[in-house]
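Take a look at the structure set out below.
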Amino acid sequence: MVVVIEEEEGIEFHDLPEGCIENVLSFTTPQDVARLSLVSSTFKSAAESDSVWDKFLPADYRSIISQSETDVDDSLSVLSKKDLYVNLTQKPILIDGGKKSFQLDKVDGKKCYMLSARSLFIVWGDTPRYWKWISLPDSRFSEVAELVSVCWFEIRGWINTSMLSPQTSYGAYLVFKATGSGTYGFEYQPVEASIVIAGGDHVERNVFLDAERGRRLRYQIVPRRFRTGIFSRAPFVEAPVAPTESVEDMQKYPKDRPDGWLEMELGEFFNEGDDDKEMEIGVYEVKGGGWKGGLVVQGIEIRPKPKSC
C-alpha cells in the first residue's frame, strides 16, 4: 500500500496534529509505518504510538497471550504495542499448556500456529516399539515424536478456523527432520496429505518425505576430478549443475527451514473467517505396507501463504 500525503499551502508535515497522523498510519501496514516514520520527528513519534500498533495486533491477542506461561504473559504485558508486535513476529510463544505455539507473520501480522506432536493423533504413538518421545534442544516444544518403525504411518491434527486470521490464504506444513541414521521406507513411496474443513473444502495431494532424494533430484550430481599434478589422484567432488525436475515436481519434496528443521507442505486453503469450523490436517501412508522409519516429528504448522506479486 502506498500512502501519498500532499501538503496544503502553508501547512508542513510537522504542523499536522499527531493524533491525525496516528489515525492515518493505523490504516496502513507495519512496513508503511516504518517508512513513514522517517518523514519527520512528528511522524516518528506517531509511528511509536500504541493506537497505531494496536490496529496491527489481532483483536484477541490478549486472550491468546493469557494462555502462555505466567512469566511470559507478565513479560509481554509490560511492552509497548509496537514492541509486542515485533516480539510476536520474531519469537513464537507456547500456549495451551505447551501443546501449541503462536506467532505473528513477519510480513503482515497474520496469525501463525504450530500444533505440537503431542497434540496430534499418531497411530501407535504411545507404543515404544513404533514411536518414542524424546527432547531436542532445537525444538520449540518439550517433546518430539521419533518414528522408530511402522508399516501404518498416520498423523492427524485439528484446529478451528476461528483461531486463524480471516480472509487469508493459509498453508499447512509437517515440520520434521531425519534421525542421525537417516530415513528409510520413504524413498519411492509417496504419502497422502489432506486438509478437510467441516462442511467445506477437501484438499488432497501426494508428497514425499525423503528430503535427500529431493535434493538429488533437484540437481544432477556430476563427479569431477581435479588434478594438481600429472600423477595426482584427487578425490571426486560433487558439483550440482542443473535442475532436473520441474518446479511443480519439486514442491512435492521437503524444504529446509531457517531453524534447521524440514517442512513439507501438506496443502493450502482460504480462511473466509465467517464461521467457526473444525479443520483436520492429515498425512498418512497406509497402502504400501512397507516398513518405514527414521523421522522426528515436531508438529504441524499453519501459517499464511506468501502473497503473489
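Identifiers for the C-alpha cells are assigned positionally: chains receive A, B, ... in sequence, residues are indexed from 1 per chain, and ligands are indexed from 1 in the order shown.
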Exercise. Among region 111-197 of chain A, which residues carry a DSSP assignment of strand (DSSP E or B), reported as a PyMOL selection string?
Worked result: chain A and resi 111-116+121-122+131-134+144-147+150+153-160+168-178+184+191-197
For this session: Just the residues within 9 Å of region 277-287 of chain A, please, counting only C-alpha atoms, with nothing from its chain fewer than 3 positions along; format it as a PyMOL selection string.
Result: chain A and resi 151-162+172+174+189-200+266-267+290+300
Could the residues in this selection be written to a file with C-alpha atoms, as a short mmCIF file (atom, residue, chain, number, x, y, z; two decimals), in the first residue's frame?
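As a result, again_21.cif now contains:
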```cif
data_model
loop_
_atom_site.label_atom_id
_atom_site.label_comp_id
_atom_site.auth_asym_id
_atom_site.auth_seq_id
_atom_site.Cartn_x
_atom_site.Cartn_y
_atom_site.Cartn_z
CA CYS A 151 4.07 -50.10 8.35
CA TRP A 152 0.99 -47.94 9.04
CA PHE A 153 2.01 -44.25 9.08
CA GLU A 154 -0.79 -41.90 10.08
CA ILE A 155 -0.74 -38.45 11.71
CA ARG A 156 -3.69 -36.11 12.11
CA GLY A 157 -4.26 -32.74 13.76
CA TRP A 158 -7.15 -30.35 14.25
CA ILE A 159 -7.60 -26.59 14.57
CA ASN A 160 -10.66 -24.32 14.49
CA THR A 161 -10.76 -21.80 11.66
CA SER A 162 -11.88 -19.07 14.09
CA ALA A 172 -0.27 -26.40 6.44
CA LEU A 174 4.57 -31.00 8.52
CA GLN A 189 6.76 -44.26 -1.56
CA PRO A 190 4.53 -41.17 -1.67
CA VAL A 191 2.44 -40.29 1.36
CA GLU A 192 -1.05 -38.85 1.20
CA ALA A 193 -1.74 -35.39 2.64
CA SER A 194 -5.17 -33.90 3.19
CA ILE A 195 -6.93 -30.84 4.57
CA VAL A 196 -10.61 -31.21 5.38
CA ILE A 197 -12.77 -28.31 6.59
CA ALA A 198 -16.07 -29.37 8.13
CA GLY A 199 -18.85 -28.70 5.65
CA GLY A 200 -16.40 -27.15 3.21
CA LEU A 266 0.50 -30.70 3.03
CA GLY A 267 -1.95 -28.35 1.32
CA GLY A 290 6.37 -51.44 3.74
CA ILE A 300 2.20 -29.26 12.02
#
```
For this session: Tell me, as a list in words, which residues lie within 6 Å of region 101-113 of chain A, counting only C-alpha atoms; anything in the same chain fewer than 4 positions away does not count.
Result: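 Using only C-alpha atoms, the neighbours found are Leu88, Thr89, Pro92, Ile93, Leu94, Ile95, Leu164, Ser165, Glu301, Ile302 and Arg303 of chain A.
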Problem set entry | Contact residues around Pro304 (chain A) with only C-alpha atoms at 7 Å, ignoring same-chain residues under 2 positions, as a PyMOL selection string | chain A and resi 110+168-171+306
Problem set entry | Among the residues A:Ser75, A:Phe43, A:Leu84, A:Pro17, the one that comes closest to Tyr61 (chain A) [using only C-alpha atoms] |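 Selected residue with least distance to Tyr61 (chain A): A:Leu84.
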For this session: Could you give me, as a list in words, the residues within 12 Å of Glu22 (chain A), counting only C-alpha atoms and dropping anything in the same chain fewer than 3 positions from it?
Result: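 Result of the neighbour search: Leu16, Pro17, Glu18, Gly19, Leu25, Ser26, Phe27, Thr28, Val33, Leu36, Ser37, Thr42, Phe43, Lys44, Ser45, Ala46, Ala47, Glu48, Ser49, Asp50, Ser51, Val52, Trp53, Asp54 and Lys55 of chain A.
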Exercise. Near Lys132 (chain A), counting only C-alpha atoms, which residues have an atom at most 10 Å away, once you skip same-chain residues fewer than 2 positions from it, shown as a PyMOL selection string?
Worked result: chain A and resi 124-130+134+143-148+296
For this session: Point out the residue among A:Gln167, A:Glu265, A:Ser77, A:Glu272 with the least atom-to-atom distance to Ser63 (chain A), counting only C-alpha atoms.
Result: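 Using only C-alpha atoms, Ser63 (chain A) sits closest to A:Ser77.
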Problem set entry | Filtered DSSP result for region 38-224 of chain A, state helix (DSSP H, G or I), as JSON, numbers by chain | {"A": [41, 42, 43, 44, 45, 46, 47, 50, 51, 52, 53, 61, 62, 63, 64, 65, 70, 71, 72, 73, 74, 75, 76, 77, 81, 82, 83, 84, 85, 86, 87, 88, 89, 90, 117, 118, 119, 161, 162, 163, 211, 212, 213, 214, 215, 216, 217, 218]}
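Considering only C-alpha atoms, the residue among A:Lys81, A:Arg62, A:Met264, A:Pro258 positioned nearest to Pro30 (chain A) is A:Lys81.
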